[in-house]
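Trainee: Contents of entry_12.txt (compact mmCIF, N, CA and C atoms) are below:
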```
# COMPACT_ATOMS: atom_id res chain seq x y z
N MET A 1 -8.86 -11.78 3.80
CA MET A 1 -8.05 -10.66 3.40
C MET A 1 -8.91 -9.76 2.51
N GLU A 2 -8.90 -8.49 2.81
CA GLU A 2 -9.70 -7.53 2.05
C GLU A 2 -9.12 -7.31 0.66
N LYS A 3 -9.98 -7.28 -0.32
CA LYS A 3 -9.57 -7.03 -1.70
C LYS A 3 -10.06 -5.64 -2.08
N ILE A 4 -9.17 -4.83 -2.65
CA ILE A 4 -9.54 -3.48 -3.05
C ILE A 4 -9.20 -3.28 -4.52
N ILE A 5 -9.89 -2.35 -5.13
CA ILE A 5 -9.69 -2.06 -6.55
C ILE A 5 -9.15 -0.64 -6.68
N PHE A 6 -8.07 -0.51 -7.41
CA PHE A 6 -7.47 0.79 -7.68
C PHE A 6 -7.68 1.13 -9.14
N GLN A 7 -8.08 2.37 -9.36
CA GLN A 7 -8.24 2.88 -10.73
C GLN A 7 -7.09 3.83 -10.99
N SER A 8 -6.24 3.48 -11.91
CA SER A 8 -5.11 4.32 -12.26
C SER A 8 -5.58 5.54 -13.05
N PRO A 9 -5.04 6.71 -12.73
CA PRO A 9 -5.41 7.89 -13.52
C PRO A 9 -4.80 7.86 -14.93
N TYR A 10 -3.86 6.96 -15.16
CA TYR A 10 -3.15 6.88 -16.43
C TYR A 10 -3.66 5.77 -17.35
N HIS A 11 -4.38 4.79 -16.77
CA HIS A 11 -4.86 3.65 -17.54
C HIS A 11 -6.35 3.47 -17.30
N GLU A 12 -7.03 2.92 -18.28
CA GLU A 12 -8.47 2.72 -18.14
C GLU A 12 -8.82 1.52 -17.28
N GLU A 13 -7.97 0.51 -17.25
CA GLU A 13 -8.33 -0.68 -16.50
C GLU A 13 -7.97 -0.55 -15.02
N ALA A 14 -8.77 -1.19 -14.19
CA ALA A 14 -8.56 -1.18 -12.75
C ALA A 14 -7.60 -2.30 -12.37
N VAL A 15 -6.93 -2.12 -11.24
CA VAL A 15 -5.99 -3.11 -10.73
C VAL A 15 -6.50 -3.55 -9.35
N GLU A 16 -6.54 -4.85 -9.13
CA GLU A 16 -7.00 -5.38 -7.85
C GLU A 16 -5.81 -5.76 -6.98
N PHE A 17 -5.88 -5.41 -5.70
CA PHE A 17 -4.86 -5.76 -4.73
C PHE A 17 -5.53 -6.33 -3.48
N TYR A 18 -4.77 -7.15 -2.77
CA TYR A 18 -5.18 -7.65 -1.47
C TYR A 18 -4.44 -6.86 -0.40
N VAL A 19 -5.17 -6.36 0.58
CA VAL A 19 -4.57 -5.60 1.66
C VAL A 19 -4.04 -6.57 2.70
N VAL A 20 -2.72 -6.61 2.86
CA VAL A 20 -2.07 -7.48 3.84
C VAL A 20 -2.10 -6.83 5.21
N GLU A 21 -1.82 -5.52 5.25
CA GLU A 21 -1.78 -4.78 6.52
C GLU A 21 -1.94 -3.30 6.21
N GLN A 22 -2.38 -2.56 7.21
CA GLN A 22 -2.45 -1.11 7.08
C GLN A 22 -2.00 -0.48 8.39
N THR A 23 -1.50 0.75 8.29
CA THR A 23 -1.05 1.47 9.47
C THR A 23 -1.13 2.97 9.21
N ARG A 24 -1.05 3.73 10.26
CA ARG A 24 -1.06 5.20 10.16
C ARG A 24 0.19 5.71 10.84
N ILE A 25 0.99 6.46 10.10
CA ILE A 25 2.22 7.06 10.62
C ILE A 25 2.15 8.56 10.35
N ASN A 26 2.33 9.35 11.40
CA ASN A 26 2.31 10.81 11.27
C ASN A 26 1.07 11.32 10.54
N GLY A 27 -0.08 10.70 10.81
CA GLY A 27 -1.33 11.13 10.21
C GLY A 27 -1.56 10.70 8.79
N ILE A 28 -0.69 9.85 8.25
CA ILE A 28 -0.81 9.37 6.87
C ILE A 28 -1.09 7.87 6.91
N ASP A 29 -2.11 7.43 6.17
CA ASP A 29 -2.45 6.01 6.09
C ASP A 29 -1.59 5.34 5.03
N TYR A 30 -1.07 4.15 5.38
CA TYR A 30 -0.26 3.34 4.47
C TYR A 30 -0.89 1.95 4.38
N LEU A 31 -0.82 1.35 3.19
CA LEU A 31 -1.28 0.00 2.97
C LEU A 31 -0.14 -0.84 2.42
N LEU A 32 -0.04 -2.08 2.90
CA LEU A 32 0.85 -3.07 2.31
C LEU A 32 -0.06 -3.98 1.50
N VAL A 33 0.13 -4.01 0.19
CA VAL A 33 -0.76 -4.76 -0.69
C VAL A 33 0.02 -5.74 -1.56
N THR A 34 -0.70 -6.79 -2.01
CA THR A 34 -0.14 -7.77 -2.94
C THR A 34 -1.16 -8.05 -4.03
N GLU A 35 -0.68 -8.62 -5.12
CA GLU A 35 -1.58 -8.99 -6.21
C GLU A 35 -2.16 -10.39 -6.00
N GLU A 36 -1.51 -11.19 -5.18
CA GLU A 36 -1.96 -12.55 -4.90
C GLU A 36 -2.41 -12.64 -3.44
N GLU A 37 -3.43 -13.44 -3.18
CA GLU A 37 -3.95 -13.56 -1.81
C GLU A 37 -3.01 -14.37 -0.92
N GLU A 38 -2.33 -15.36 -1.48
CA GLU A 38 -1.44 -16.22 -0.69
C GLU A 38 -0.15 -16.50 -1.44
N GLY A 39 0.85 -16.96 -0.69
CA GLY A 39 2.11 -17.36 -1.30
C GLY A 39 3.09 -16.22 -1.44
N ASP A 40 4.27 -16.56 -1.95
CA ASP A 40 5.31 -15.56 -2.19
C ASP A 40 4.94 -14.73 -3.43
N CYS A 41 4.97 -13.44 -3.26
CA CYS A 41 4.67 -12.56 -4.39
C CYS A 41 5.19 -11.16 -4.09
N ASP A 42 5.16 -10.32 -5.09
CA ASP A 42 5.58 -8.94 -4.90
C ASP A 42 4.57 -8.21 -4.03
N ALA A 43 5.08 -7.33 -3.19
CA ALA A 43 4.23 -6.49 -2.35
C ALA A 43 4.54 -5.03 -2.66
N PHE A 44 3.57 -4.19 -2.44
CA PHE A 44 3.71 -2.77 -2.70
C PHE A 44 3.22 -2.00 -1.49
N ILE A 45 3.83 -0.86 -1.24
CA ILE A 45 3.38 0.01 -0.17
C ILE A 45 2.70 1.21 -0.81
N MET A 46 1.45 1.42 -0.42
CA MET A 46 0.64 2.51 -0.94
C MET A 46 0.45 3.55 0.16
N LYS A 47 0.41 4.80 -0.24
CA LYS A 47 0.29 5.93 0.69
C LYS A 47 -0.94 6.74 0.31
N GLU A 48 -1.78 7.07 1.30
CA GLU A 48 -2.97 7.86 1.01
C GLU A 48 -2.57 9.31 0.76
N VAL A 49 -3.05 9.85 -0.34
CA VAL A 49 -2.74 11.24 -0.70
C VAL A 49 -4.01 12.05 -0.93
N SER A 50 -5.17 11.50 -0.58
CA SER A 50 -6.42 12.21 -0.80
C SER A 50 -6.56 13.39 0.14
N GLN A 51 -7.31 14.36 -0.31
CA GLN A 51 -7.60 15.54 0.48
C GLN A 51 -8.90 15.30 1.26
N ASN A 52 -9.10 16.05 2.33
CA ASN A 52 -10.26 15.87 3.19
C ASN A 52 -11.59 15.98 2.45
N GLU A 53 -11.67 16.82 1.45
CA GLU A 53 -12.93 17.05 0.75
C GLU A 53 -13.25 15.98 -0.29
N GLU A 54 -12.33 15.07 -0.56
CA GLU A 54 -12.56 14.03 -1.56
C GLU A 54 -13.43 12.92 -1.00
N GLU A 55 -14.34 12.43 -1.84
CA GLU A 55 -15.26 11.37 -1.42
C GLU A 55 -14.54 10.03 -1.27
N GLU A 56 -13.68 9.71 -2.20
CA GLU A 56 -12.98 8.43 -2.19
C GLU A 56 -11.52 8.62 -1.80
N SER A 57 -10.95 7.60 -1.21
CA SER A 57 -9.54 7.64 -0.85
C SER A 57 -8.69 7.55 -2.11
N VAL A 58 -7.61 8.29 -2.13
CA VAL A 58 -6.67 8.28 -3.25
C VAL A 58 -5.32 7.82 -2.71
N TYR A 59 -4.76 6.79 -3.33
CA TYR A 59 -3.48 6.24 -2.91
C TYR A 59 -2.50 6.27 -4.07
N GLU A 60 -1.23 6.38 -3.72
CA GLU A 60 -0.17 6.25 -4.73
C GLU A 60 0.91 5.35 -4.13
N MET A 61 1.67 4.72 -5.01
CA MET A 61 2.75 3.85 -4.55
C MET A 61 3.87 4.69 -3.96
N VAL A 62 4.42 4.21 -2.86
CA VAL A 62 5.56 4.88 -2.25
C VAL A 62 6.78 4.57 -3.12
N GLU A 63 7.44 5.60 -3.61
CA GLU A 63 8.58 5.42 -4.49
C GLU A 63 9.86 6.02 -3.93
N ALA A 64 9.75 6.96 -2.99
CA ALA A 64 10.93 7.57 -2.40
C ALA A 64 11.67 6.51 -1.59
N GLU A 65 12.94 6.31 -1.91
CA GLU A 65 13.74 5.23 -1.33
C GLU A 65 13.74 5.26 0.20
N GLU A 66 13.95 6.41 0.79
CA GLU A 66 14.02 6.52 2.24
C GLU A 66 12.67 6.18 2.89
N GLU A 67 11.59 6.69 2.33
CA GLU A 67 10.26 6.40 2.86
C GLU A 67 9.91 4.93 2.67
N LEU A 68 10.29 4.36 1.54
CA LEU A 68 10.03 2.94 1.26
C LEU A 68 10.77 2.04 2.25
N GLU A 69 12.02 2.33 2.51
CA GLU A 69 12.80 1.55 3.48
C GLU A 69 12.20 1.65 4.88
N TYR A 70 11.83 2.88 5.28
CA TYR A 70 11.26 3.10 6.60
C TYR A 70 9.95 2.33 6.76
N MET A 71 9.06 2.45 5.78
CA MET A 71 7.77 1.77 5.87
C MET A 71 7.91 0.26 5.76
N SER A 72 8.90 -0.21 5.02
CA SER A 72 9.16 -1.65 4.96
C SER A 72 9.54 -2.19 6.33
N ARG A 73 10.36 -1.44 7.07
CA ARG A 73 10.74 -1.85 8.42
C ARG A 73 9.52 -1.84 9.35
N ILE A 74 8.67 -0.83 9.22
CA ILE A 74 7.46 -0.74 10.05
C ILE A 74 6.57 -1.96 9.79
N PHE A 75 6.29 -2.25 8.53
CA PHE A 75 5.44 -3.39 8.21
C PHE A 75 6.09 -4.71 8.63
N ALA A 76 7.41 -4.81 8.54
CA ALA A 76 8.10 -6.03 8.97
C ALA A 76 7.93 -6.23 10.47
N GLU A 77 7.93 -5.15 11.25
CA GLU A 77 7.72 -5.25 12.69
C GLU A 77 6.28 -5.66 13.00
N ILE A 78 5.33 -5.08 12.29
CA ILE A 78 3.92 -5.41 12.51
C ILE A 78 3.65 -6.87 12.14
N LEU A 79 4.22 -7.32 11.04
CA LEU A 79 4.00 -8.68 10.54
C LEU A 79 5.24 -9.52 10.82
N GLU A 80 5.40 -9.90 12.04
CA GLU A 80 6.62 -10.61 12.46
C GLU A 80 6.87 -11.89 11.68
N ASP A 81 5.82 -12.56 11.22
CA ASP A 81 5.99 -13.84 10.55
C ASP A 81 6.17 -13.72 9.03
N ILE A 82 6.27 -12.50 8.52
CA ILE A 82 6.44 -12.28 7.08
C ILE A 82 7.79 -11.61 6.83
N ASP A 83 8.51 -12.13 5.84
CA ASP A 83 9.81 -11.57 5.48
C ASP A 83 9.64 -10.57 4.34
N ILE A 84 9.99 -9.32 4.61
CA ILE A 84 9.90 -8.28 3.59
C ILE A 84 11.31 -7.93 3.14
N THR A 85 11.58 -8.15 1.85
CA THR A 85 12.88 -7.81 1.29
C THR A 85 12.68 -6.84 0.14
N MET A 86 13.67 -5.99 -0.03
CA MET A 86 13.59 -4.99 -1.11
C MET A 86 14.50 -5.38 -2.24
```
Produce structure tokens that represent the structure in this file.

Mentor:
Amino acid sequence: MEKIIFQSPYHEEAVEFYVVEQTRINGIDYLLVTEEEEGDCDAFIMKEVSQNEEEESVYEMVEAEEELEYMSRIFAEILEDIDITM
């Protein structure tokens, strides 16, 4: 499982996540990430918001309820053996 590091624009310390799955919907990249590599744990859906001219990818957590529900269903379909609950 790929491990990625996110640097928050609001905090000095970096946060590490494991990428469980990724997908592209309507030209936007989404990541399903967790803080733990295995076992039951909280998962987060990240959405790429970087502009074409940026060197590094910029992601933010999906917080809009409708988008979060929709992407949760998408990831649940992709990962048939994983139960995603909100």

Trainee: According to DSSP computed on the backbone, where in chain A is there strand (DSSP E)? Give the residues as a PyMOL selection string.

Mentor: chain A and resi 3-7+14-25+28-34+43-48+59-61

Trainee: Quick one: residues within 6.5 Å of range 12-24 of chain A, only N, CA and C atoms, excluding same-chain residues fewer than 2 positions away - as a VMD selection string?

Mentor: chain A and resid 1 to 10 26 to 37

Trainee: Each side padded by 8 Å, which centre and which edge lengths in Å (one decimal) define the axis-aligned box around the listed atoms of range 21-37 of chain A? Give them as lines of an AutoDock Vina configuration file.

Mentor:
```
center_x = -0.8
center_y = -1.5
center_z = 2.6
size_x = 22.3
size_y = 41.7
size_z = 33.6
```

Trainee: One number please: CA of Ile45 in chain A to CA of Leu68 in chain A, in Å, one decimal.

Mentor: 7.4 Å

Trainee: What's the 6 Å shell around Val49 in chain A, counting only N, CA and C atoms, without same-chain residues fewer than 2 positions away, as an MDAnalysis selection string?

Mentor: chainID A and resid 47 51 58:60

Trainee: In Å, rounded to a single decimal, give me how far CA of Met71 in chain A is from atom C of Met46 in chain A.

Mentor: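 According to the coordinates, atom C of Met46 in chain A and CA of Met71 in chain A are separated by 9.5 Å.
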
Trainee: If you measure from CA of Glu66 in chain A to atom C of Glu53 in chain A, what distance in Å do you get, rounded to one decimal?

Mentor: 29.0 Å
